[in-house]
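**Student:** One file is attached below, target.cif, containing mmCIF, C-alpha atoms.
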data_protein
loop_
_atom_site.label_atom_id
_atom_site.label_comp_id
_atom_site.auth_asym_id
_atom_site.auth_seq_id
_atom_site.Cartn_x
_atom_site.Cartn_y
_atom_site.Cartn_z
CA MET A 29 0.00 0.00 0.00
CA ASN A 30 1.42 3.34 -1.01
CA VAL A 31 0.73 5.67 1.89
CA ALA A 32 1.77 8.75 -0.01
CA ARG A 33 -0.70 8.16 -2.84
CA SER A 34 -3.74 6.89 -0.97
CA THR A 35 -6.34 9.39 0.16
CA VAL A 36 -8.31 7.09 2.43
CA GLU A 37 -6.97 3.90 3.99
CA LEU A 38 -8.99 1.78 6.38
CA ALA A 39 -7.66 -1.53 7.69
CA GLY A 40 -9.74 -3.85 9.86
CA VAL A 41 -12.02 -1.00 10.91
CA GLY A 42 -14.90 -1.85 13.21
CA LYS A 43 -17.60 0.22 14.88
CA ARG A 44 -20.32 -0.87 17.28
CA TYR A 45 -23.35 0.90 18.66
CA GLY A 46 -24.15 -1.03 21.79
CA ARG A 47 -24.37 -4.67 20.75
CA ARG A 48 -24.94 -3.90 17.09
CA HIS A 49 -22.00 -4.00 14.71
CA ALA A 50 -22.31 -1.09 12.29
CA LEU A 51 -18.97 -1.98 10.69
CA ALA A 52 -16.89 -5.11 11.14
CA ASP A 53 -13.35 -5.56 9.87
CA VAL A 54 -13.61 -3.16 6.94
CA ASP A 55 -10.62 -2.76 4.64
CA LEU A 56 -10.78 0.06 2.13
CA THR A 57 -8.23 1.98 0.13
CA LEU A 58 -9.18 4.92 -2.03
CA ASP A 59 -6.92 6.88 -4.27
CA HIS A 60 -7.71 10.08 -6.10
CA GLY A 61 -11.01 10.29 -7.90
CA LEU A 62 -14.69 9.99 -7.25
CA THR A 63 -15.91 6.99 -5.27
CA GLY A 64 -19.48 6.07 -4.48
CA LEU A 65 -20.66 3.74 -1.73
CA LEU A 66 -23.57 1.47 -2.50
CA GLY A 67 -25.40 -0.73 -0.04
CA PRO A 68 -28.76 -1.45 1.56
CA ASN A 69 -30.12 0.65 4.41
CA GLY A 70 -28.29 -0.08 7.62
CA ALA A 71 -25.24 -1.45 5.85
CA GLY A 72 -23.02 1.07 7.62
CA LYS A 73 -22.40 3.54 4.79
CA THR A 74 -23.07 6.60 6.91
CA THR A 75 -21.01 5.21 9.79
CA LEU A 76 -18.13 4.69 7.38
CA LEU A 77 -18.48 8.26 6.11
CA HIS A 78 -18.57 9.58 9.68
CA ILE A 79 -15.26 7.84 10.34
CA VAL A 80 -13.74 9.22 7.15
CA ALA A 81 -15.07 12.68 8.04
CA THR A 82 -13.43 12.37 11.52
CA SER A 83 -16.75 12.97 13.27
CA ILE A 84 -16.63 9.60 15.01
CA VAL A 85 -13.78 7.29 15.90
CA ALA A 86 -13.54 3.62 14.92
CA ASP A 87 -13.58 1.14 17.80
CA SER A 88 -10.95 -1.01 16.14
CA GLY A 89 -8.62 -1.03 13.16
CA GLN A 90 -6.42 1.58 11.54
CA VAL A 91 -7.55 4.72 9.76
CA ARG A 92 -5.31 6.92 7.65
CA LEU A 93 -6.61 9.94 5.83
CA LEU A 94 -4.40 11.92 3.46
CA GLY A 95 -1.47 9.98 4.88
CA ARG A 96 -2.19 10.90 8.50
CA ASP A 97 -3.74 9.20 11.51
CA PRO A 98 -6.81 11.32 12.35
CA HIS A 99 -6.91 9.94 15.87
CA GLY A 100 -3.24 10.50 16.52
CA SER A 101 -2.00 13.90 17.51
CA HIS A 102 -4.06 17.07 17.62
CA ALA A 103 -1.87 18.41 14.81
CA ASP A 104 -2.67 15.41 12.62
CA VAL A 105 -6.43 15.62 12.98
CA THR A 106 -6.36 19.38 12.45
CA ALA A 107 -4.24 18.94 9.32
CA VAL A 108 -6.73 16.39 7.95
CA ARG A 109 -9.70 18.60 8.78
CA ARG A 110 -8.09 21.55 6.99
CA GLU A 111 -8.24 19.52 3.78
CA LEU A 112 -11.62 17.96 4.36
CA GLY A 113 -15.02 19.02 3.08
CA TYR A 114 -17.99 17.29 4.66
CA LEU A 115 -21.68 17.28 3.92
CA PRO A 116 -23.56 15.23 6.53
CA GLN A 117 -26.72 13.34 5.63
CA GLU A 118 -28.77 15.67 7.81
CA LEU A 119 -27.55 19.19 8.26
CA GLY A 120 -29.26 21.73 10.46
CA TYR A 121 -29.39 25.38 9.50
CA PRO A 122 -29.82 28.25 11.96
CA SER A 123 -33.10 29.80 10.87
CA ASP A 124 -31.91 33.40 10.93
CA MET A 125 -28.77 32.89 8.83
CA THR A 126 -28.63 33.80 5.18
CA ALA A 127 -27.12 31.40 2.66
CA PHE A 128 -24.03 33.61 2.53
CA GLY A 129 -23.89 33.91 6.33
CA PHE A 130 -24.15 30.16 6.73
CA VAL A 131 -21.32 29.37 4.33
CA GLU A 132 -19.23 32.18 5.82
CA TYR A 133 -19.82 30.75 9.29
CA VAL A 134 -18.47 27.39 8.13
CA ALA A 135 -15.57 29.20 6.47
CA VAL A 136 -14.65 30.69 9.85
CA LEU A 137 -14.82 27.20 11.36
CA LYS A 138 -12.43 26.16 8.60
CA GLU A 139 -10.09 28.92 9.68
CA TRP A 140 -10.54 31.30 6.78
CA ASN A 141 -9.53 34.16 9.02
CA ASP A 142 -8.81 36.82 6.40
CA ARG A 143 -12.19 38.45 5.82
CA GLU A 144 -11.52 39.57 2.26
CA ARG A 145 -10.33 36.14 1.12
CA ARG A 146 -13.14 34.47 3.03
CA VAL A 147 -15.83 36.55 1.36
CA ARG A 148 -14.30 35.87 -2.05
CA GLU A 149 -14.25 32.13 -1.35
CA VAL A 150 -17.83 32.07 -0.08
CA ARG A 151 -18.97 33.83 -3.25
CA ARG A 152 -17.02 31.34 -5.35
CA VAL A 153 -18.60 28.23 -3.81
CA LEU A 154 -22.08 29.73 -3.88
CA GLU A 155 -21.57 30.37 -7.57
CA LEU A 156 -20.39 26.77 -8.02
CA VAL A 157 -23.73 25.49 -6.78
CA ASP A 158 -25.65 28.15 -8.68
CA LEU A 159 -26.85 30.06 -5.63
CA THR A 160 -25.30 33.48 -6.20
CA ASP A 161 -28.71 35.13 -6.42
CA GLN A 162 -29.88 33.44 -3.24
CA ALA A 163 -26.85 34.48 -1.18
CA PRO A 164 -28.68 37.20 0.82
CA VAL A 165 -31.80 35.06 1.37
CA ARG A 166 -32.37 33.42 4.74
CA VAL A 167 -31.77 29.68 4.63
CA SER A 168 -35.19 29.10 6.21
CA ARG A 169 -36.79 30.66 3.12
CA LEU A 170 -34.94 28.47 0.65
CA SER A 171 -36.39 25.27 -0.79
CA GLY A 172 -35.12 21.90 0.42
CA GLY A 173 -33.03 21.48 -2.71
CA GLN A 174 -31.53 24.95 -2.40
CA ARG A 175 -30.63 24.25 1.23
CA ARG A 176 -28.91 21.09 0.14
CA ARG A 177 -26.90 23.12 -2.34
CA VAL A 178 -25.95 25.53 0.43
CA GLY A 179 -24.71 22.49 2.34
CA LEU A 180 -22.81 21.36 -0.71
CA ALA A 181 -21.26 24.82 -1.08
CA GLN A 182 -19.81 24.74 2.42
CA ALA A 183 -18.30 21.30 1.73
CA LEU A 184 -16.45 22.74 -1.26
CA LEU A 185 -14.86 25.65 0.60
CA GLY A 186 -11.17 25.87 -0.19
CA ASP A 187 -11.21 23.06 -2.76
CA PRO A 188 -10.57 20.39 -0.12
CA ARG A 189 -8.49 17.36 -1.11
CA LEU A 190 -11.00 15.02 0.51
CA VAL A 191 -14.71 15.67 0.06
CA VAL A 192 -17.11 13.44 2.00
CA LEU A 193 -20.72 13.76 0.91
CA ASP A 194 -23.53 11.79 2.48
CA GLU A 195 -26.61 11.70 0.22
CA PRO A 196 -25.56 14.86 -1.61
CA THR A 197 -28.42 14.85 -4.09
CA THR A 198 -31.28 14.41 -1.62
CA GLY A 199 -33.90 17.04 -2.38
CA LEU A 200 -32.33 18.14 -5.64
CA GLU A 201 -34.75 18.05 -8.52
CA PRO A 202 -33.68 16.22 -11.68
CA GLY A 203 -32.38 18.35 -14.48
CA THR A 204 -31.06 21.84 -14.18
CA ALA A 205 -30.88 22.05 -10.40
CA ARG A 206 -28.71 18.95 -10.24
CA ARG A 207 -26.13 20.28 -12.66
CA PRO A 208 -24.32 22.44 -10.09
CA ALA A 209 -23.97 19.47 -7.78
CA ALA A 210 -22.71 17.26 -10.56
CA HIS A 211 -20.27 19.93 -11.64
CA ALA A 212 -19.05 20.35 -8.10
CA LEU A 213 -18.70 16.64 -7.48
CA HIS A 214 -16.73 15.79 -10.56
CA PRO A 215 -13.07 16.28 -9.87
CA ARG A 216 -11.50 18.73 -12.23
CA PRO A 217 -8.12 17.70 -13.58
CA GLN A 218 -6.21 20.39 -11.72
CA LEU A 219 -7.69 19.41 -8.42
CA ASP A 220 -6.32 16.79 -6.13
CA ARG A 221 -9.64 15.77 -4.79
CA ALA A 222 -11.32 12.56 -3.83
CA ALA A 223 -15.02 12.49 -3.14
CA VAL A 224 -16.61 9.74 -1.13
CA HIS A 225 -20.35 9.60 -1.13
CA PRO A 226 -23.12 7.03 -1.24
CA PRO A 227 -25.00 7.77 -4.45
CA ASP A 228 -28.73 8.21 -4.32
CA ARG A 229 -29.94 4.93 -5.78
CA ARG A 230 -32.90 6.54 -7.49
CA ARG A 231 -30.66 8.82 -9.48
CA ARG A 232 -27.33 7.13 -9.67
CA GLY A 233 -25.54 7.43 -12.92
CA ALA A 234 -26.33 11.10 -13.18
CA LEU A 235 -23.27 12.09 -11.26
CA MET B 20 -19.33 35.11 13.98
CA LEU B 21 -18.63 31.81 15.79
CA LEU B 22 -21.17 32.75 18.44
CA ALA B 23 -23.98 33.22 15.94
CA ALA B 24 -25.28 29.65 16.15
CA ALA B 25 -25.31 29.51 19.96
CA ALA B 26 -28.86 29.72 21.30
CA SER B 27 -27.83 31.21 24.64
CA LEU B 28 -26.06 34.13 23.02
CA ARG B 29 -29.14 35.37 21.27
CA GLY B 30 -31.32 38.21 22.50
CA ALA B 31 -34.26 36.12 23.68
CA TRP B 32 -32.17 33.96 25.97
CA LEU B 33 -30.24 36.88 27.41
CA VAL B 34 -33.45 38.84 28.07
CA GLY B 35 -34.92 35.77 29.78
CA ALA B 36 -31.84 35.38 31.97
CA PHE B 37 -31.89 39.08 32.84
CA LEU B 38 -35.59 38.98 33.80
CA SER B 39 -35.10 35.87 35.96
CA LEU B 40 -32.17 37.47 37.74
CA SER B 41 -34.08 40.73 38.19
CA PHE B 42 -37.07 39.02 39.76
CA ALA B 43 -34.78 36.98 42.01
CA THR B 44 -33.05 40.20 43.10
CA ILE B 45 -36.36 41.95 43.77
CA ALA B 46 -37.57 38.97 45.82
CA ALA B 47 -34.38 38.99 47.90
CA ASP B 48 -34.61 42.76 48.32
CA GLN B 49 -38.25 42.66 49.41
CA SER B 50 -37.44 40.09 52.08
CA GLY B 51 -35.00 42.52 53.65
CA GLY B 52 -32.19 40.02 53.41
CA THR B 53 -33.93 37.18 55.20
CA ALA B 54 -34.62 35.34 51.95
CA LEU B 55 -31.58 35.41 49.71
CA ALA B 56 -32.41 31.99 48.34
CA PRO B 57 -34.05 33.16 45.07
CA PHE B 58 -30.99 35.17 44.10
CA LEU B 59 -28.48 32.59 45.32
CA LEU B 60 -30.42 29.94 43.45
CA VAL B 61 -30.58 31.76 40.12
CA ALA B 62 -27.31 33.72 39.97
CA PRO B 63 -24.86 30.77 39.76
CA LEU B 64 -27.21 28.80 37.52
CA ALA B 65 -27.65 31.52 34.87
CA PRO B 66 -24.14 31.10 33.41
CA VAL B 67 -24.36 27.32 33.78
CA LEU B 68 -27.57 27.10 31.79
CA GLY B 69 -26.21 29.61 29.29
CA VAL B 70 -23.13 27.49 28.65
CA ALA B 71 -25.24 24.32 28.42
CA ALA B 72 -27.41 25.98 25.79
CA ALA B 73 -24.42 27.15 23.78
CA TYR B 74 -23.32 23.83 22.32
CA GLY B 75 -24.28 20.23 21.72
CA PRO B 76 -26.20 18.44 18.98
CA ARG B 77 -29.60 19.58 20.24
CA GLN B 78 -28.63 23.18 20.81
CA ASP B 79 -26.37 23.87 17.85
CA PRO B 80 -27.76 22.88 14.44
CA LEU B 81 -24.25 22.95 13.05
CA GLU B 82 -22.80 20.49 15.54
CA ALA B 83 -22.11 17.94 12.76
CA LEU B 84 -19.88 20.47 11.00
CA VAL B 85 -18.34 21.81 14.19
CA ALA B 86 -17.22 18.28 15.06
CA THR B 87 -15.21 17.99 11.85
CA ALA B 88 -13.94 21.56 11.56
CA ALA B 89 -10.30 22.51 11.81
CA TYR B 90 -11.20 25.21 14.33
CA GLY B 91 -11.90 22.48 16.88
CA ARG B 92 -15.00 21.75 18.91
CA THR B 93 -13.20 22.14 22.23
CA ARG B 94 -11.91 25.56 21.27
CA LEU B 95 -15.36 26.63 20.11
CA ILE B 96 -17.00 25.45 23.33
CA LEU B 97 -14.46 27.34 25.42
CA LEU B 98 -14.96 30.45 23.30
CA ARG B 99 -18.72 30.26 23.75
CA THR B 100 -18.31 29.60 27.47
CA ILE B 101 -16.28 32.77 27.81
CA ALA B 102 -18.85 34.67 25.74
CA VAL B 103 -21.67 33.46 28.00
CA LEU B 104 -19.74 34.41 31.12
CA VAL B 105 -18.93 37.85 29.73
CA SER B 106 -22.61 38.36 28.86
CA VAL B 107 -24.13 37.13 32.10
CA LEU B 108 -21.66 37.80 34.92
CA PRO B 109 -21.46 41.63 34.77
CA VAL B 110 -25.26 41.99 34.74
CA THR B 111 -25.59 39.56 37.65
CA ALA B 112 -22.86 41.40 39.56
CA LEU B 113 -24.68 44.72 39.07
CA LEU B 114 -27.97 43.20 40.25
CA GLY B 115 -26.09 41.73 43.21
CA LEU B 116 -25.29 45.27 44.36
CA ALA B 117 -29.00 45.74 44.99
CA LEU B 118 -29.08 42.87 47.49
CA PRO B 119 -29.65 43.82 51.11
CA GLY B 120 -26.90 42.88 53.54
CA PRO B 121 -23.13 43.08 53.41
CA ARG B 122 -21.43 44.24 50.20
CA TRP B 123 -19.47 41.00 49.75
CA LEU B 124 -22.74 39.25 48.99
CA ALA B 125 -22.85 41.07 45.65
CA GLY B 126 -19.89 39.04 44.42
CA ALA B 127 -20.02 35.95 46.63
CA TRP B 128 -22.25 34.05 44.21
CA LEU B 129 -19.34 34.15 41.75
CA GLY B 130 -17.66 31.31 43.66
CA PRO B 131 -20.34 28.71 42.96
CA ALA B 132 -20.98 30.17 39.50
CA LEU B 133 -17.36 29.78 38.44
CA ALA B 134 -17.20 26.31 40.00
CA LEU B 135 -20.40 25.00 38.47
CA VAL B 136 -19.41 25.95 34.91
CA PRO B 137 -16.36 23.63 34.80
CA VAL B 138 -18.42 20.98 36.61
CA LEU B 139 -20.99 21.28 33.84
CA LEU B 140 -18.32 21.00 31.13
CA ALA B 141 -16.73 17.99 32.82
CA LEU B 142 -20.07 16.20 33.25
CA ALA B 143 -21.16 17.07 29.71
CA GLY B 144 -18.26 15.07 28.34
CA PHE B 145 -19.93 11.97 29.77
CA VAL B 146 -23.66 12.65 29.57
CA GLY B 147 -24.06 15.61 27.21
CA PRO B 148 -24.75 19.25 28.06
CA ARG B 149 -28.47 18.87 28.71
CA ALA B 150 -28.21 16.07 31.23
CA ALA B 151 -25.17 17.73 32.79
CA ALA B 152 -27.11 20.97 33.22
CA THR B 153 -29.97 19.06 34.87
CA ILE B 154 -27.56 17.39 37.31
CA VAL B 155 -25.90 20.71 38.18
CA LEU B 156 -29.27 22.43 38.52
CA LEU B 157 -30.60 19.76 40.87
CA GLY B 158 -27.37 19.69 42.86
CA TRP B 159 -27.16 23.44 43.37
CA SER B 160 -30.89 23.74 44.10
CA SER B 161 -30.50 21.05 46.77
CA VAL B 162 -27.69 23.01 48.44
CA VAL B 163 -29.70 26.26 48.53
CA VAL B 164 -33.03 24.70 49.50
CA ALA B 165 -31.49 22.41 52.14
CA SER B 166 -29.63 25.31 53.78
CA THR B 167 -32.84 27.34 53.88
CA ARG B 168 -34.86 24.46 55.33
CA ALA B 169 -32.18 23.78 57.92
CA GLY B 170 -32.57 27.34 59.15
CA LEU B 171 -28.96 28.26 58.39
CA ASP B 172 -27.82 31.82 57.73
CA PRO B 173 -29.43 33.00 54.45
CA ALA B 174 -25.93 33.61 53.03
CA TRP B 175 -24.65 30.17 54.10
CA PRO B 176 -24.28 28.75 50.56
CA VAL B 177 -21.78 31.49 49.67
CA GLN B 178 -19.93 31.94 52.95
CA ALA B 179 -16.13 31.59 53.13
CA ALA B 180 -16.07 27.93 54.21
CA GLN B 181 -18.27 26.89 51.30
CA GLN B 182 -16.20 28.94 48.85
CA GLY B 183 -13.30 26.60 49.60
CA VAL B 184 -15.47 23.65 48.63
CA TYR B 185 -16.42 25.36 45.36
CA LEU B 186 -12.78 26.03 44.60
CA ALA B 187 -11.94 22.36 45.20
CA LEU B 188 -14.88 21.34 43.00
CA ALA B 189 -13.72 23.64 40.21
CA LEU B 190 -10.17 22.28 40.37
CA ALA B 191 -11.43 18.69 40.33
CA ALA B 192 -13.63 19.42 37.31
CA CYS B 193 -10.74 21.09 35.47
CA ALA B 194 -8.56 18.06 36.24
CA VAL B 195 -11.20 15.71 34.80
CA ILE B 196 -11.41 17.83 31.65
CA ALA B 197 -7.62 17.93 31.30
CA VAL B 198 -7.29 14.17 31.70
CA ARG B 199 -10.06 13.51 29.20
CA LEU B 200 -8.51 15.90 26.69
CA GLY B 201 -5.23 14.04 27.04
CA LEU B 202 -6.83 10.63 26.55
CA ASP B 203 -9.19 11.79 23.83
CA ARG B 204 -8.96 9.56 20.74
CA GLN B 205 -11.75 11.41 19.03
CA ARG B 206 -10.57 14.98 19.13
CA GLY B 207 -13.11 17.40 20.50
CA VAL B 208 -15.48 15.13 22.39
CA ALA B 209 -13.90 15.45 25.82
CA LEU B 210 -16.22 18.39 26.48
#
What is this structure when it is put down as structure tokens?
**Tutor:**
Amino acid sequence: MNVARSTVELAGVGKRYGRRHALADVDLTLDHGLTGLLGPNGAGKTTLLHIVATSIVADSGQVRLLGRDPHGSHADVTAVRRELGYLPQELGYPSDMTAFGFVEYVAVLKEWNDRERRVREVRRVLELVDLTDQAPVRVSRLSGGQRRRVGLAQALLGDPRLVVLDEPTTGLEPGTARRPAAHALHPRPQLDRAAVHPPDRRRRGAL
Amino acid sequence: MLLAAAASLRGAWLVGAFLSLSFATIAADQSGGTALAPFLLVAPLAPVLGVAAAYGPRQDPLEALVATAAYGRTRLILLRTIAVLVSVLPVTALLGLALPGPRWLAGAWLGPALALVPVLLALAGFVGPRAAATIVLLGWSSVVVASTRAGLDPAWPVQAAQQGVYLALALAACAVIAVRLGLDRQRGVAL
């Protein structure tokens, strides 16, 4: 296994919730590119994505992301998180935040401390998901699909090397509204990005 | 900006806390100093409840993103804790000046307040902020109510001897947090 080239490496990873095994002895190696996870409900796809997104820790096995151990030192996990974009399956939105304010809030969490650069980046990702016109609108007034695109925008902040998307197309209508998501998900040649997401089975193939 | 998603740092919560503290102060004032319990009950709990409402999956809709952000959940919680303390403590201290009795009473509630906040944070690492707040609330209420029922001095919960206990409690809670941060495999969940 080439540590330097692999984006995601899991070896013998297990995770339990009480007595139930969500994951048992999972080995997975992902290099650059777009990868989709397919499986029945309850197969552990979301648990796997949580581990890759560093939001939960595996009970057993080894995890390496972007060549680092996310459960090692504080510096390692912070370094991974700086290059990680994550869209959870269910994302809450503060009702009084605008689309721009929401993405900017996440940008601050991602340590975009320079205000000028941050604003420019927020505008860029909102444009990527075709929400430039909706930037000043409160998230609570957006449609479900538009909210999902706001969520997608925050995951793309800073062109992260590792993008973890859980059900990214939920709520997006077929056709024009899905194009921004598809555009955003497909790695462009100049980017060093891997995306891990379980495709929506109803619409797979469109991404 | 990082405080924007914290429920307890919004106007409605702060107004509610201010009104509760005001009524507790008025009640203590009207009793002529014989019934400090309402103020001593509410004053240390206001920052505790404010901190508990400032983070956690049920309080912060962005918890899922906070948990994976480079900024760090622990850092964010500490920042919000400081923001809550800065919002609540000065107002409570000013209201405390209106209490009948010796002047030291105006600031004596700070001892339990500053002890209960780290206790809350330490407990929350095990049971979550909501349950931790309930435990702290019940514990502190028991101290105040029991001292009143026992016919002790109205200021007993904040007298010098008890302040030593609060200091010890605060140090113990900080030690628990420090140990958990050191052992933390999943960065950011020790709080």
**Student:** Can you list, as a compact mmCIF listing (two decimals) with C-alpha atoms, in the frame of the given file, every protein, DNA or RNA residue that comes within 12 Å of region 145-158 of chain B when you count only C-alpha atoms, leaving out same-chain residues fewer than 4 positions away?
**Tutor:**
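Okay, this is what ended up in part11.txt:
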# COMPACT_ATOMS: atom_id res chain seq x y z
CA LEU B 60 -30.42 29.94 43.45
CA VAL B 61 -30.58 31.76 40.12
CA ALA B 62 -27.31 33.72 39.97
CA PRO B 63 -24.86 30.77 39.76
CA LEU B 64 -27.21 28.80 37.52
CA ALA B 65 -27.65 31.52 34.87
CA PRO B 66 -24.14 31.10 33.41
CA VAL B 67 -24.36 27.32 33.78
CA LEU B 68 -27.57 27.10 31.79
CA GLY B 69 -26.21 29.61 29.29
CA VAL B 70 -23.13 27.49 28.65
CA ALA B 71 -25.24 24.32 28.42
CA ALA B 72 -27.41 25.98 25.79
CA ALA B 73 -24.42 27.15 23.78
CA TYR B 74 -23.32 23.83 22.32
CA GLY B 75 -24.28 20.23 21.72
CA PRO B 76 -26.20 18.44 18.98
CA ARG B 77 -29.60 19.58 20.24
CA GLN B 78 -28.63 23.18 20.81
CA ASP B 79 -26.37 23.87 17.85
CA ILE B 96 -17.00 25.45 23.33
CA PRO B 131 -20.34 28.71 42.96
CA ALA B 132 -20.98 30.17 39.50
CA ALA B 134 -17.20 26.31 40.00
CA LEU B 135 -20.40 25.00 38.47
CA VAL B 136 -19.41 25.95 34.91
CA PRO B 137 -16.36 23.63 34.80
CA VAL B 138 -18.42 20.98 36.61
CA LEU B 139 -20.99 21.28 33.84
CA LEU B 140 -18.32 21.00 31.13
CA ALA B 141 -16.73 17.99 32.82
CA VAL B 162 -27.69 23.01 48.44
CA VAL B 163 -29.70 26.26 48.53
CA VAL B 164 -33.03 24.70 49.50
CA ALA B 165 -31.49 22.41 52.14
CA VAL B 195 -11.20 15.71 34.80
CA ILE B 196 -11.41 17.83 31.65
CA ARG B 199 -10.06 13.51 29.20
CA VAL B 208 -15.48 15.13 22.39
CA ALA B 209 -13.90 15.45 25.82
CA LEU B 210 -16.22 18.39 26.48
**Student:** Do you have, as CSV, the list of residues of chain A lying at most 10 Å from chain B, each with its nearest atom pair and that distance in Å to one decimal, counting all atoms listed in the file and ordered by chain then number?
**Tutor:**
residue,atom,partner,partner_atom,distance
A:His78,CA,B:Thr87,CA,9.3
A:Ala81,CA,B:Thr87,CA,6.5
A:Thr82,CA,B:Thr87,CA,5.9
A:Ser83,CA,B:Thr87,CA,5.4
A:Ile84,CA,B:Gln205,CA,6.6
A:Val85,CA,B:Gln205,CA,5.6
A:Ala86,CA,B:Gln205,CA,9.0
A:Pro98,CA,B:Gln205,CA,8.3
A:His99,CA,B:Arg204,CA,5.3
A:Gly100,CA,B:Arg204,CA,7.2
A:Ser101,CA,B:Arg206,CA,8.8
A:His102,CA,B:Arg206,CA,7.0
A:Ala103,CA,B:Ala89,CA,9.8
A:Val105,CA,B:Arg206,CA,7.4
A:Thr106,CA,B:Ala89,CA,5.1
A:Ala107,CA,B:Ala89,CA,7.5
A:Val108,CA,B:Ala89,CA,8.1
A:Arg109,CA,B:Ala89,CA,5.0
A:Arg110,CA,B:Ala89,CA,5.4
A:Glu111,CA,B:Ala89,CA,8.8
A:Leu112,CA,B:Thr87,CA,8.3
A:Gly113,CA,B:Thr87,CA,8.8
A:Tyr114,CA,B:Leu84,CA,7.3
A:Leu115,CA,B:Leu84,CA,8.0
A:Pro116,CA,B:Ala83,CA,6.9
A:Gln117,CA,B:Ala83,CA,9.7
A:Glu118,CA,B:Ala83,CA,8.6
A:Leu119,CA,B:Leu81,CA,6.9
A:Gly120,CA,B:Pro80,CA,4.4
A:Tyr121,CA,B:Pro80,CA,5.8
A:Pro122,CA,B:Pro80,CA,6.3
A:Ser123,CA,B:Ala24,CA,9.4
A:Asp124,CA,B:Ala24,CA,9.2
A:Met125,CA,B:Ala23,CA,8.6
A:Gly129,CA,B:Met20,CA,9.0
A:Phe130,CA,B:Ala24,CA,9.5
A:Glu132,CA,B:Met20,CA,8.7
A:Tyr133,CA,B:Met20,CA,6.4
A:Val134,CA,B:Leu84,CA,7.6
A:Ala135,CA,B:Ala88,CA,9.3
A:Val136,CA,B:Leu21,CA,7.2
A:Leu137,CA,B:Tyr90,CA,5.1
A:Lys138,CA,B:Ala89,CA,5.3
A:Glu139,CA,B:Tyr90,CA,6.1
A:Trp140,CA,B:Tyr90,CA,9.7
A:Gln182,CA,B:Leu84,CA,9.6
A:Ala183,CA,B:Leu84,CA,9.4
**Student:** CA of Thr74 (chain A) and CA of Glu195 (chain A) are how many Å apart?
**Tutor:**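 Those two atoms sit 9.1 Å apart.
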**Student:** Rounded to one decimal place, report the CA of Val153 (chain A)-CA of Ala181 (chain A) distance in Å.
**Tutor:**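 Result for CA of Val153 (chain A) versus CA of Ala181 (chain A): 5.1 Å, one decimal.
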**Student:** Please evaluate the PyMOL selection byres ((chain B and resi 182) around 12) against the structure above and give the resulting residues as a PyMOL selection string.
**Tutor:** chain B and resi 126-135+174-181+183-189
**Student:** When the PyMOL selection byres ((chain A and resi 92-96) around 7) is applied to the structure above, which residues does it catch, written out as a PDB file with C-alpha atoms, in the frame of the given file?
**Tutor:**
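Saved to part33.pdb:
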ATOM      1  CA  VAL A  31       0.730   5.670   1.890  1.00  0.00           C
ATOM      2  CA  ALA A  32       1.770   8.750  -0.010  1.00  0.00           C
ATOM      3  CA  SER A  34      -3.740   6.890  -0.970  1.00  0.00           C
ATOM      4  CA  THR A  35      -6.340   9.390   0.160  1.00  0.00           C
ATOM      5  CA  VAL A  36      -8.310   7.090   2.430  1.00  0.00           C
ATOM      6  CA  GLU A  37      -6.970   3.900   3.990  1.00  0.00           C
ATOM      7  CA  LEU A  38      -8.990   1.780   6.380  1.00  0.00           C
ATOM      8  CA  GLN A  90      -6.420   1.580  11.540  1.00  0.00           C
ATOM      9  CA  VAL A  91      -7.550   4.720   9.760  1.00  0.00           C
ATOM     10  CA  ASP A  97      -3.740   9.200  11.510  1.00  0.00           C
ATOM     11  CA  PRO A  98      -6.810  11.320  12.350  1.00  0.00           C
ATOM     12  CA  ASP A 104      -2.670  15.410  12.620  1.00  0.00           C
ATOM     13  CA  VAL A 108      -6.730  16.390   7.950  1.00  0.00           C
TER      14      VAL A 108
END
**Student:** Taking all atoms listed in the file into account, name the residue in A:Thr63, A:Asn69, A:Thr126, A:Asn141 that is nearest to Thr160 (chain A).
**Tutor:** A:Thr126
**Student:** May I ask for the distance between CA of Pro121 (chain B) and CA of Asp172 (chain B), given in Å to one decimal place?
**Tutor:**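 Calculated distance between CA of Pro121 (chain B) and CA of Asp172 (chain B) is 12.9 Å.
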**Student:** Enumerate, as a PyMOL selection string, the residues matched when the PyMOL selection byres ((chain B and resi 43) around 9) is run on the file above.
**Tutor:** chain B and resi 38-42+44-48+55-62
**Student:** Just checking: using only C-alpha atoms, which residue out of B:Ala192, B:Ala54, B:Ala143, B:Ala31 ends up closest to Pro119 (chain B)?
**Tutor:**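 Residue with the minimum atom-to-atom distance to Pro119 (chain B): B:Ala54.
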